[in-house]
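Next comes entry21.cif, with mmCIF, C-alpha atoms.
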data_coords
#
loop_
_atom_site.label_atom_id
_atom_site.label_comp_id
_atom_site.auth_asym_id
_atom_site.auth_seq_id
_atom_site.Cartn_x
_atom_site.Cartn_y
_atom_site.Cartn_z
CA MET A 1 0.00 0.00 0.00
CA SER A 2 1.75 3.18 -1.16
CA SER A 3 1.31 6.63 0.32
CA GLN A 4 1.96 10.19 -0.74
CA VAL A 5 3.12 12.86 1.69
CA SER A 6 3.13 16.59 1.08
CA THR A 7 4.59 19.03 3.60
CA SER A 8 4.76 22.75 4.21
CA ARG A 9 7.56 24.78 5.71
CA GLY A 10 7.32 25.95 9.28
CA LEU A 11 6.62 22.63 10.97
CA LEU A 12 7.39 23.06 14.68
CA PRO A 13 8.06 20.44 17.34
CA PRO A 14 5.01 19.96 19.63
CA SER A 15 6.78 21.55 22.60
CA LYS A 16 6.76 24.94 20.85
CA LEU A 17 3.11 25.05 19.85
CA GLY A 18 0.14 26.97 21.24
CA THR A 19 -2.83 25.43 23.03
CA PHE A 20 -6.60 25.17 22.86
CA GLU A 21 -6.99 26.41 26.46
CA SER A 22 -9.01 29.48 25.42
CA PRO A 23 -11.91 29.57 22.95
CA HIS A 24 -10.73 32.96 21.70
CA VAL A 25 -7.01 32.42 21.07
CA TRP A 26 -7.30 32.40 17.30
CA PRO A 27 -9.90 33.59 14.78
CA LEU A 28 -12.34 30.88 13.77
CA SER A 29 -11.66 30.79 10.05
CA ALA A 30 -12.40 27.53 8.29
CA PRO A 31 -9.54 25.39 6.90
CA THR A 32 -11.06 25.54 3.42
CA GLY A 33 -11.44 29.30 3.55
CA GLN A 34 -15.22 29.05 3.41
CA PRO A 35 -17.40 30.99 5.90
CA GLU A 36 -18.60 29.36 9.08
CA ALA A 37 -22.10 28.28 9.82
CA ALA A 38 -23.93 30.17 12.54
CA ARG A 39 -22.56 29.16 15.95
CA GLY A 40 -25.90 28.47 17.57
CA ASP A 41 -27.38 26.52 14.65
CA ASP A 42 -26.99 22.90 15.78
CA GLN A 43 -30.28 21.58 14.47
CA ASP A 44 -28.78 19.56 11.62
CA VAL A 45 -25.36 18.81 13.10
CA ARG A 46 -24.51 15.10 13.33
CA LEU A 47 -21.78 13.71 15.52
CA LEU A 48 -19.38 11.54 13.49
CA SER A 49 -16.70 10.76 16.08
CA VAL A 50 -15.47 11.47 19.60
CA ALA A 51 -11.92 10.95 20.87
CA TRP A 52 -10.04 11.83 24.06
CA ASN A 53 -6.80 13.72 23.94
CA GLN A 54 -3.77 11.96 25.39
CA ASP A 55 -4.37 12.85 29.07
CA CYS A 56 -8.19 12.71 28.80
CA GLY A 57 -8.44 16.30 30.00
CA CYS A 58 -10.49 17.17 26.94
CA PHE A 59 -11.97 15.51 23.87
CA ALA A 60 -12.52 16.29 20.20
CA ALA A 61 -15.84 15.81 18.46
CA GLY A 62 -15.91 15.40 14.69
CA THR A 63 -19.21 16.65 13.30
CA SER A 64 -20.95 16.73 9.93
CA ASN A 65 -19.86 20.35 9.50
CA GLY A 66 -16.48 20.59 11.27
CA PHE A 67 -15.10 19.82 14.70
CA ARG A 68 -15.31 21.00 18.31
CA ILE A 69 -13.02 20.77 21.33
CA PHE A 70 -14.44 20.28 24.84
CA ASN A 71 -12.72 20.66 28.18
CA CYS A 72 -13.70 18.03 30.76
CA GLU A 73 -13.09 19.70 34.14
CA PRO A 74 -14.95 22.01 34.19
CA PHE A 75 -16.99 20.81 31.26
CA LYS A 76 -17.25 23.42 28.52
CA GLU A 77 -16.76 23.88 24.81
CA THR A 78 -13.45 25.66 24.26
CA PHE A 79 -13.07 25.73 20.49
CA ARG A 80 -14.89 24.96 17.27
CA ARG A 81 -14.63 25.25 13.52
CA ASP A 82 -17.83 25.03 11.53
CA LEU A 83 -17.55 24.48 7.78
CA LYS A 84 -20.07 24.54 4.97
CA SER A 85 -18.10 22.06 2.86
CA GLY A 86 -18.56 19.07 5.19
CA GLY A 87 -17.19 17.50 8.35
CA PHE A 88 -14.54 15.22 9.77
CA GLY A 89 -14.85 11.56 10.67
CA ILE A 90 -11.54 11.55 12.56
CA VAL A 91 -10.25 14.41 14.74
CA GLU A 92 -7.14 13.55 16.71
CA MET A 93 -5.59 15.97 19.20
CA LEU A 94 -2.01 16.25 20.45
CA PHE A 95 -2.57 16.95 24.15
CA ARG A 96 -3.85 20.57 24.13
CA CYS A 97 -1.62 22.07 21.46
CA ASN A 98 -2.93 23.58 18.23
CA ILE A 99 -1.94 20.63 16.02
CA LEU A 100 -4.76 18.33 14.88
CA ALA A 101 -4.99 15.36 12.55
CA LEU A 102 -8.15 15.53 10.44
CA VAL A 103 -9.75 12.99 8.13
CA GLY A 104 -12.85 13.86 6.14
CA GLY A 105 -16.16 12.22 6.97
CA GLY A 106 -19.83 12.43 6.13
CA SER A 107 -20.44 14.52 3.04
CA ASN A 108 -17.00 16.19 3.10
CA VAL A 109 -15.76 16.28 -0.49
CA GLN A 110 -12.84 18.58 0.25
CA TYR A 111 -11.02 15.97 2.33
CA PRO A 112 -11.86 12.36 1.36
CA PRO A 113 -11.52 9.47 3.86
CA ASN A 114 -8.22 8.30 2.34
CA LYS A 115 -6.36 11.51 3.23
CA VAL A 116 -4.97 12.77 6.53
CA MET A 117 -4.48 16.50 7.01
CA ILE A 118 -2.12 17.72 9.74
CA TRP A 119 -3.65 21.07 10.61
CA ASP A 120 -1.92 23.85 12.54
CA ASP A 121 -4.65 26.05 13.91
CA HIS A 122 -2.16 28.64 15.14
CA GLN A 123 -1.01 29.26 11.57
CA SER A 124 -4.46 28.45 10.14
CA ARG A 125 -3.00 26.20 7.50
CA CYS A 126 -2.25 22.60 6.60
CA ILE A 127 1.36 21.70 7.40
CA GLY A 128 1.25 18.15 6.05
CA GLU A 129 -1.00 15.82 4.09
CA PHE A 130 -0.90 12.05 3.68
CA ALA A 131 -2.77 10.34 0.83
CA PHE A 132 -3.40 6.58 0.59
CA ARG A 133 -5.12 4.18 -1.78
CA SER A 134 -7.58 3.01 0.88
CA ASP A 135 -9.56 4.67 3.64
CA VAL A 136 -7.82 5.76 6.83
CA ARG A 137 -9.18 3.86 9.85
CA ALA A 138 -7.48 5.83 12.63
CA VAL A 139 -4.79 8.37 13.38
CA LYS A 140 -2.74 8.55 16.59
CA LEU A 141 -0.43 11.39 17.60
CA ALA A 142 2.47 11.50 20.06
CA LYS A 143 5.16 14.07 20.64
CA ASP A 144 7.54 12.19 18.31
CA TYR A 145 5.24 10.23 16.02
CA ILE A 146 2.30 10.42 13.66
CA VAL A 147 0.68 6.99 13.30
CA ILE A 148 -1.80 6.34 10.49
CA VAL A 149 -3.82 3.13 10.54
CA LEU A 150 -5.20 1.49 7.40
CA GLU A 151 -7.14 -1.76 7.37
CA ARG A 152 -4.07 -3.98 6.94
CA LYS A 153 -1.09 -1.69 7.48
CA ILE A 154 0.14 0.94 9.91
CA TYR A 155 2.50 3.76 8.94
CA VAL A 156 4.64 5.52 11.56
CA TYR A 157 6.08 8.93 10.65
CA ASN A 158 8.52 11.24 12.36
CA PHE A 159 6.56 14.19 13.73
CA THR A 160 9.20 16.82 12.95
CA ASP A 161 9.85 16.16 9.25
CA LEU A 162 7.02 13.69 8.41
CA LYS A 163 9.49 11.09 7.16
CA LEU A 164 8.32 7.47 7.17
CA LEU A 165 9.97 5.48 9.98
CA TYR A 166 8.10 2.17 10.15
CA GLN A 167 5.57 0.10 8.23
CA ILE A 168 3.69 -2.53 10.23
CA ASP A 169 1.52 -5.25 8.70
CA THR A 170 -1.62 -6.29 10.59
CA LEU A 171 -4.52 -8.64 10.27
CA SER A 172 -7.69 -7.03 8.90
CA ASN A 173 -8.28 -4.07 11.24
CA PRO A 174 -11.48 -2.28 10.17
CA LYS A 175 -11.82 -0.57 13.57
CA GLY A 176 -8.36 0.97 13.28
CA LEU A 177 -7.23 -0.48 16.60
CA CYS A 178 -3.95 1.05 17.72
CA CYS A 179 -2.54 2.49 20.97
CA LEU A 180 0.40 4.78 21.70
CA SER A 181 2.14 5.51 24.98
CA HIS A 182 2.48 9.16 25.96
CA HIS A 183 5.19 9.21 28.60
CA SER A 184 8.42 11.14 28.05
CA ASN A 185 10.56 8.10 28.93
CA THR A 186 8.86 5.41 26.82
CA SER A 187 7.68 5.05 23.22
CA VAL A 188 5.35 2.08 22.85
CA LEU A 189 2.82 1.15 20.15
CA ALA A 190 0.30 -1.71 20.34
CA CYS A 191 -1.78 -2.98 17.43
CA PRO A 192 -3.31 -6.22 16.13
CA GLY A 193 -0.74 -8.75 14.96
CA VAL A 194 -0.83 -10.84 11.81
CA HIS A 195 -2.54 -13.75 13.55
CA GLN A 196 -6.02 -13.87 15.06
CA GLY A 197 -6.11 -12.77 18.70
CA HIS A 198 -2.48 -11.65 18.75
CA VAL A 199 -1.26 -8.17 19.69
CA ARG A 200 2.00 -6.73 18.38
CA VAL A 201 3.84 -4.39 20.73
CA GLU A 202 6.62 -2.13 19.46
CA HIS A 203 9.01 -0.62 22.00
CA PHE A 204 10.56 1.99 19.73
CA GLY A 205 13.07 3.27 22.27
CA LEU A 206 14.32 -0.23 23.06
CA LYS A 207 14.11 -1.36 19.41
CA MET A 208 12.16 -4.38 20.59
CA THR A 209 9.06 -6.11 19.20
CA LYS A 210 6.86 -8.38 21.30
CA THR A 211 3.92 -10.48 20.08
CA ILE A 212 1.32 -11.34 22.73
CA PRO A 213 -1.23 -14.15 22.11
CA ALA A 214 -3.96 -12.31 23.98
CA HIS A 215 -7.15 -14.13 22.90
CA ASP A 216 -8.42 -16.99 20.76
CA SER A 217 -10.88 -14.70 18.96
CA HIS A 218 -10.14 -11.45 17.09
CA ILE A 219 -9.10 -8.44 19.13
CA SER A 220 -11.94 -5.90 19.45
CA CYS A 221 -10.50 -3.29 21.82
CA MET A 222 -7.24 -2.42 23.57
CA ALA A 223 -5.65 0.22 25.76
CA LEU A 224 -2.17 1.06 27.04
CA THR A 225 -1.13 2.80 30.22
CA MET A 226 0.45 6.21 29.68
CA ASP A 227 3.93 4.67 29.92
CA GLY A 228 3.03 1.73 27.68
CA LEU A 229 4.11 -0.93 30.18
CA LEU A 230 0.61 -2.35 30.71
CA LEU A 231 -1.80 -3.47 27.99
CA ALA A 232 -5.50 -4.29 28.44
CA THR A 233 -7.32 -6.21 25.70
CA ALA A 234 -10.75 -7.61 24.87
CA SER A 235 -11.82 -9.96 22.09
CA THR A 236 -14.92 -10.02 19.91
CA LYS A 237 -16.57 -12.24 22.54
CA GLY A 238 -16.45 -9.30 24.95
CA THR A 239 -16.69 -11.38 28.11
CA LEU A 240 -13.11 -11.16 29.42
CA ILE A 241 -10.59 -8.33 29.68
CA ARG A 242 -6.96 -9.30 30.10
CA ILE A 243 -4.03 -7.23 31.35
CA PHE A 244 -0.50 -7.94 30.10
CA ASN A 245 3.06 -6.88 30.75
CA THR A 246 4.16 -5.42 27.40
CA MET A 247 7.84 -6.12 28.10
CA ASP A 248 7.62 -9.91 28.28
CA GLY A 249 3.97 -10.61 27.37
CA THR A 250 3.04 -12.08 30.76
CA ARG A 251 -0.67 -12.12 31.56
CA LEU A 252 -1.01 -10.35 34.89
CA GLN A 253 -4.77 -10.34 35.49
CA GLU A 254 -8.05 -11.36 33.91
CA VAL A 255 -11.45 -9.85 34.76
CA ARG A 256 -14.93 -10.75 33.56
CA ARG A 257 -17.39 -8.22 32.16
CA GLY A 258 -20.22 -10.74 31.85
CA LEU A 259 -21.37 -14.05 30.38
CA ASP A 260 -23.16 -12.88 27.23
CA LYS A 261 -21.29 -11.84 24.13
CA ALA A 262 -20.86 -8.07 23.87
CA GLU A 263 -19.12 -5.52 21.68
CA ILE A 264 -16.54 -3.69 23.77
CA TYR A 265 -16.57 0.01 22.86
CA SER A 266 -13.81 1.34 25.08
CA ILE A 267 -11.22 0.36 27.67
CA ALA A 268 -9.52 2.85 30.00
CA LEU A 269 -6.75 2.42 32.56
CA SER A 270 -6.50 4.95 35.39
CA PRO A 271 -3.31 7.06 35.59
CA ASN A 272 -2.39 5.44 38.92
CA VAL A 273 -2.95 1.95 37.42
CA GLN A 274 -5.42 1.02 40.17
CA TRP A 275 -8.59 0.86 38.08
CA LEU A 276 -9.84 -0.31 34.70
CA ALA A 277 -13.07 0.87 33.04
CA VAL A 278 -14.96 -0.86 30.23
CA SER A 279 -17.95 0.24 28.14
CA SER A 280 -19.91 -2.02 25.82
CA ASP A 281 -23.13 -2.34 23.83
CA LYS A 282 -24.81 -3.77 26.94
CA GLY A 283 -25.24 -0.22 28.27
CA THR A 284 -23.25 -0.71 31.47
CA VAL A 285 -19.87 0.78 32.35
CA HIS A 286 -17.86 -1.58 34.58
CA ILE A 287 -15.01 -0.58 36.90
CA PHE A 288 -12.47 -3.21 37.95
CA SER A 289 -9.82 -3.07 40.65
CA LEU A 290 -6.34 -3.85 39.32
CA ARG A 291 -3.76 -5.88 41.23
CA VAL A 292 -0.79 -4.86 39.11
CA ARG A 293 1.36 -1.79 38.88
CA VAL A 294 4.67 -0.53 37.52
CA ALA A 295 7.57 -1.42 39.81
CA GLY A 296 8.56 1.55 41.94
CA GLU A 297 5.42 3.45 41.04
CA ASP A 298 4.20 6.16 43.38
CA ALA A 299 0.45 6.47 43.83
CA SER A 300 0.70 10.21 43.40
CA ASN A 301 0.05 11.38 39.85
CA GLU A 302 2.30 14.39 40.40
CA GLN A 303 5.18 12.26 41.61
CA ARG A 304 4.59 9.86 38.74
CA THR A 305 4.79 12.70 36.24
CA LEU A 306 8.01 14.05 37.73
CA GLU A 307 9.88 10.79 38.11
CA GLY A 308 8.54 8.76 35.18
CA PRO A 309 8.36 4.96 35.14
CA ARG A 310 11.21 2.95 36.60
CA MET A 311 12.23 0.15 34.23
CA ASP A 312 14.40 -2.62 35.63
CA HIS A 313 16.59 -4.23 32.96
CA GLN A 314 18.98 -6.05 35.30
CA ASN A 315 17.03 -9.28 35.57
CA SER A 316 14.46 -10.23 32.95
CA SER A 317 12.88 -7.65 30.67
CA SER A 318 9.83 -7.57 32.93
CA SER A 319 9.29 -4.31 34.81
CA ILE A 320 5.84 -5.02 36.21
CA ASP A 321 5.12 -7.03 39.33
CA PRO A 322 1.76 -8.32 40.59
CA LEU A 323 0.69 -6.36 43.65
CA VAL A 324 -2.35 -6.64 45.92
CA GLN A 325 -3.76 -3.15 46.40
CA THR A 326 -4.41 -2.72 50.11
CA ASN A 327 -5.96 0.74 49.93
CA THR A 328 -8.85 -0.16 47.63
CA GLY A 329 -11.67 -2.69 47.44
CA SER A 330 -11.52 -5.97 45.58
CA ASN A 331 -13.45 -7.19 42.57
CA ALA A 332 -16.45 -9.40 43.20
CA SER A 333 -16.05 -13.17 42.82
CA SER A 334 -18.12 -16.33 43.15
CA SER A 335 -18.58 -17.86 46.59
CA LEU A 336 -17.24 -21.06 45.01
CA SER A 337 -14.01 -19.48 43.82
CA PHE A 338 -12.11 -21.51 46.43
CA MET A 339 -12.74 -24.53 44.17
CA ARG A 340 -10.56 -23.03 41.44
CA GLY A 341 -9.33 -25.77 39.11
CA ILE A 342 -12.23 -28.08 39.91
CA LEU A 343 -15.26 -26.09 38.74
CA PRO A 344 -15.44 -24.34 35.35
CA LYS A 345 -13.38 -21.16 34.95
CA TYR A 346 -16.50 -19.00 35.30
CA PHE A 347 -16.63 -19.69 39.07
CA SER A 348 -13.14 -18.29 39.66
CA SER A 349 -13.68 -15.10 37.64
CA GLU A 350 -13.17 -11.58 38.97
CA TRP A 351 -16.30 -9.50 38.39
CA SER A 352 -16.60 -5.72 38.30
CA PHE A 353 -16.10 -3.68 41.44
CA ALA A 354 -18.41 -0.77 40.46
CA GLN A 355 -21.01 -0.19 37.74
CA PHE A 356 -23.01 2.53 36.05
CA HIS A 357 -26.05 1.83 33.85
CA LEU A 358 -26.41 4.23 30.94
CA PRO A 359 -29.98 5.09 29.89
CA GLU A 360 -29.04 5.62 26.24
CA VAL A 361 -28.14 2.85 23.82
CA THR A 362 -25.22 4.32 21.92
CA ARG A 363 -21.45 3.98 21.60
CA TYR A 364 -19.57 5.44 24.59
CA ILE A 365 -15.90 6.03 25.24
CA VAL A 366 -14.72 6.14 28.85
CA ALA A 367 -11.85 7.75 30.77
CA PHE A 368 -10.88 8.39 34.37
CA GLY A 369 -11.15 11.85 35.86
CA ALA A 370 -9.99 13.28 39.18
CA GLN A 371 -10.96 11.96 42.61
CA ASN A 372 -12.39 8.55 41.69
CA THR A 373 -14.55 9.78 38.84
CA VAL A 374 -15.23 8.27 35.45
CA MET A 375 -16.20 10.26 32.36
CA MET A 376 -18.28 8.91 29.50
CA VAL A 377 -18.83 10.52 26.11
CA GLY A 378 -21.46 9.14 23.74
CA LEU A 379 -21.96 9.41 20.00
CA ASP A 380 -25.42 10.75 20.76
CA GLY A 381 -23.78 13.92 22.11
CA SER A 382 -24.03 13.10 25.82
CA PHE A 383 -21.41 13.53 28.54
CA TYR A 384 -21.54 11.88 31.97
CA ARG A 385 -19.33 12.19 35.00
CA CYS A 386 -19.83 9.60 37.75
CA SER A 387 -18.05 8.87 41.01
CA PHE A 388 -17.42 5.50 42.63
CA ASP A 389 -16.64 4.39 46.16
CA GLN A 390 -13.07 3.07 46.04
CA VAL A 391 -13.60 0.93 49.14
CA ASN A 392 -17.13 -0.46 48.80
CA GLY A 393 -17.76 -0.21 45.05
CA GLY A 394 -21.32 -0.89 43.88
CA GLN A 395 -23.44 1.48 41.82
CA MET A 396 -21.69 4.66 40.76
CA LEU A 397 -23.22 8.04 41.51
CA GLN A 398 -24.03 10.34 38.59
CA LYS A 399 -22.50 13.77 39.23
CA GLU A 400 -22.87 15.58 35.89
CA TYR A 401 -24.73 15.20 32.63
CA TYR A 402 -24.58 17.37 29.53
CA ARG A 403 -25.99 17.28 26.00
CA PHE A 404 -23.08 19.03 24.35
CA LEU A 405 -24.45 19.30 20.81
CA LYS A 406 -27.61 21.11 21.90
CA SER A 407 -26.95 24.81 22.34
CA ASP A 408 -30.23 25.37 24.19
CA SER A 409 -29.65 22.70 26.88
CA PRO A 410 -28.38 23.60 30.38
CA PRO A 411 -24.65 23.05 30.82
CA PHE A 412 -24.93 20.77 33.84
CA ARG A 413 -27.43 18.48 35.52
CA THR A 414 -26.42 17.14 38.90
CA SER A 415 -28.08 14.00 40.21
CA ALA A 416 -29.94 14.02 43.50
CA THR A 417 -27.94 12.83 46.50
#
Step by step, read the file and then write its structure as structure tokens.
Amino acid sequence: MSSQVSTSRGLLPPSKLGTFESPHVWPLSAPTGQPEAARGDDQDVRLLSVAWNQDCGCFAAGTSNGFRIFNCEPFKETFRRDLKSGGFGIVEMLFRCNILALVGGGSNVQYPPNKVMIWDDHQSRCIGEFAFRSDVRAVKLAKDYIVIVLERKIYVYNFTDLKLLYQIDTLSNPKGLCCLSHHSNTSVLACPGVHQGHVRVEHFGLKMTKTIPAHDSHISCMALTMDGLLLATASTKGTLIRIFNTMDGTRLQEVRRGLDKAEIYSIALSPNVQWLAVSSDKGTVHIFSLRVRVAGEDASNEQRTLEGPRMDHQNSSSSIDPLVQTNTGSNASSSLSFMRGILPKYFSSEWSFAQFHLPEVTRYIVAFGAQNTVMMVGLDGSFYRCSFDQVNGGQMLQKEYYRFLKSDSPPFRTSAT
């Protein structure tokens, strides 16, 4: 599969770029040079995609007439571009800087689905464009890399000069499954392998490739920790979620979402690696307690950011050790789990620690917020924030709800306590 890349002068490293912190930093001129639609006219706007930025502090919404950026805490729209020429099916952010990766969607004829535009909103111009012979399934950005996912191949480009660094073959990947780490000390990519149920992990900094036989069925969803040392996966069965050490491929934990087959929409790992969240087409978000962590990890997010992950290369390549978390509750299990190895595997399963039942039937992505909260964004234009009891678990408490595509709806709705 060949590709064409066109670049513009003036490409800056991500560390020197502006941010989307303010909705009024730059004039809202459309990338195509066409005038905007009226800001309050959301009657015919359709939501085509939603995606978190790398730290889940905000998310991008691709719409049928452009894109919008929303801050999560506090929840508010911070930026938008409305076009009359169509919308974007993929909008990928790079933390909060002004660089975006855009792929056309809906009725957009200006940017077809086989082209990726790297857009600099500070300069109000395209600084790079990638064209392929087939549709783009996903785009991932990191401070050093631009990753473009096609159905059977992944291209990895250098962020600074857009030169091609790696080409990775995959099994058929219509969902565009791919994960990137976002820690300053590690560069890890995870994607489907060339065999059913296998995950390929690339440690770019270590120049090491690891293949993990994660499931018997096809992979349907995956997520990496920020440092890329832990990988969570689900298969098309959607009953089990497995957590692996990406250094040596060891399975560290397995949790059960349910018994019935389900499509897993999203998996999220908390920044402190204590919790895992899963959303599916069953309409319930499950929270699981994790018993694994990075060796030497501090529970404090601030300390974790300052020190980075500690990777021990003296013994084996493994840098993750199983650990029983003593400051949190445990996942539910069968009363017959003591007969592990005698009864079927179902009876020894770890079930979810906390749950939240969504009233809408739509695709949701999940992420962890501050102070034991979970955020959920749906393709119906809904945003939820819920809290969970980290000791007792059970039903989560809805804290906030917002219909972010409706300009006439109230910004917040707090549940009764």
Please report the interatomic distance between atom CA of Val278 of chain A and atom CA of Ser64 of chain A in Å with one decimal.
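Distance between the two atoms: 27.5 Å.
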How would you write, as a list in words, the residues chosen by the PyMOL selection byres ((chain A and resi 223-238) around 6) on this structure?
Ser181, His182, His183, Thr186, Val188, Ser217, His218, Ile219, Ser220, Cys221, Met222, Thr239, Leu240, Ile241, Arg242, Ile243, Phe244, Asn245, Thr246, Lys261, Ala262, Glu263, Ile264 and Ile267 of chain A
Just C-alpha atoms for this one: save the residues we selected as a PDB file, keeping the file's coordinate frame.
ATOM      1  CA  SER A 181       2.140   5.510  24.980  1.00  0.00           C
ATOM      2  CA  HIS A 182       2.480   9.160  25.960  1.00  0.00           C
ATOM      3  CA  HIS A 183       5.190   9.210  28.600  1.00  0.00           C
ATOM      4  CA  THR A 186       8.860   5.410  26.820  1.00  0.00           C
ATOM      5  CA  VAL A 188       5.350   2.080  22.850  1.00  0.00           C
ATOM      6  CA  SER A 217     -10.880 -14.700  18.960  1.00  0.00           C
ATOM      7  CA  HIS A 218     -10.140 -11.450  17.090  1.00  0.00           C
ATOM      8  CA  ILE A 219      -9.100  -8.440  19.130  1.00  0.00           C
ATOM      9  CA  SER A 220     -11.940  -5.900  19.450  1.00  0.00           C
ATOM     10  CA  CYS A 221     -10.500  -3.290  21.820  1.00  0.00           C
ATOM     11  CA  MET A 222      -7.240  -2.420  23.570  1.00  0.00           C
ATOM     12  CA  THR A 239     -16.690 -11.380  28.110  1.00  0.00           C
ATOM     13  CA  LEU A 240     -13.110 -11.160  29.420  1.00  0.00           C
ATOM     14  CA  ILE A 241     -10.590  -8.330  29.680  1.00  0.00           C
ATOM     15  CA  ARG A 242      -6.960  -9.300  30.100  1.00  0.00           C
ATOM     16  CA  ILE A 243      -4.030  -7.230  31.350  1.00  0.00           C
ATOM     17  CA  PHE A 244      -0.500  -7.940  30.100  1.00  0.00           C
ATOM     18  CA  ASN A 245       3.060  -6.880  30.750  1.00  0.00           C
ATOM     19  CA  THR A 246       4.160  -5.420  27.400  1.00  0.00           C
ATOM     20  CA  LYS A 261     -21.290 -11.840  24.130  1.00  0.00           C
ATOM     21  CA  ALA A 262     -20.860  -8.070  23.870  1.00  0.00           C
ATOM     22  CA  GLU A 263     -19.120  -5.520  21.680  1.00  0.00           C
ATOM     23  CA  ILE A 264     -16.540  -3.690  23.770  1.00  0.00           C
ATOM     24  CA  ILE A 267     -11.220   0.360  27.670  1.00  0.00           C
TER      25      ILE A 267
END
For atom CA of Ser172 of chain A and atom CA of Leu150 of chain A, the interatomic separation in Å (one decimal):
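Rounded to one decimal, the two atoms are 9.0 Å apart.
Residues lying within 6 Å of Cys191 of chain A, counting only C-alpha atoms and ignoring same-chain neighbours fewer than 6 positions away, are A:Cys178, A:Val199, A:Arg200.
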Residues near segment 46-57 of chain A, anyone? I mean within 9 Å using only C-alpha atoms, not counting same-chain ones fewer than 3 positions away, as a PyMOL selection string.
chain A and resi 42-43+60-65+70-73+87-96+105-106+141-142+181-182+226+271+364-369+377-381+405
Computed interatomic separation between atom CA of Tyr401 of chain A and atom CA of Arg80 of chain A (Å)
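Spanning atom CA of Tyr401 of chain A to atom CA of Arg80 of chain A is a straight-line distance of 20.7 Å.
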Name every residue that the PyMOL selection byres ((chain A and resi 352) around 10) selects in this structure, writing the answer as a VMD selection string with chains first and numbers rising.
chain A and resid 255 to 258 276 to 278 285 to 289 330 to 333 349 to 351 353 to 355 393 to 394
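These residues, each with an atom at most 9 Å from (-5.5, -13.9, 9.5) using all atoms listed in the file, are Thr170, Leu171, Ser172, Gly193, Val194, His195 and Gln196 of chain A.
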Top pick for closest residue to Thr209 of chain A, considering A:Asn158, A:Ser187, A:Asn98, A:Gln253 and counting all atoms listed in the file
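Going through A:Asn158, A:Ser187, A:Asn98, A:Gln253 one by one, the smallest distance to Thr209 of chain A is for A:Ser187.
Comparing A:Asn392, A:Thr211, A:Gln274, A:Gln167 by their smallest distance to Tyr155 of chain A, the closest is A:Gln167 (using all atoms listed in the file).
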For Gly104 of chain A, the nearest of the candidates A:Gly176, A:Lys76, A:Asp121, A:Arg137, counting all atoms listed in the file
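Distance minimum relative to Gly104 of chain A lands on A:Arg137.
Here the PyMOL selection byres ((chain A and resi 213) around 7) catches exactly these residues: Gly197, His198, Val199, Thr211, Ile212, Ala214 and His215 of chain A.
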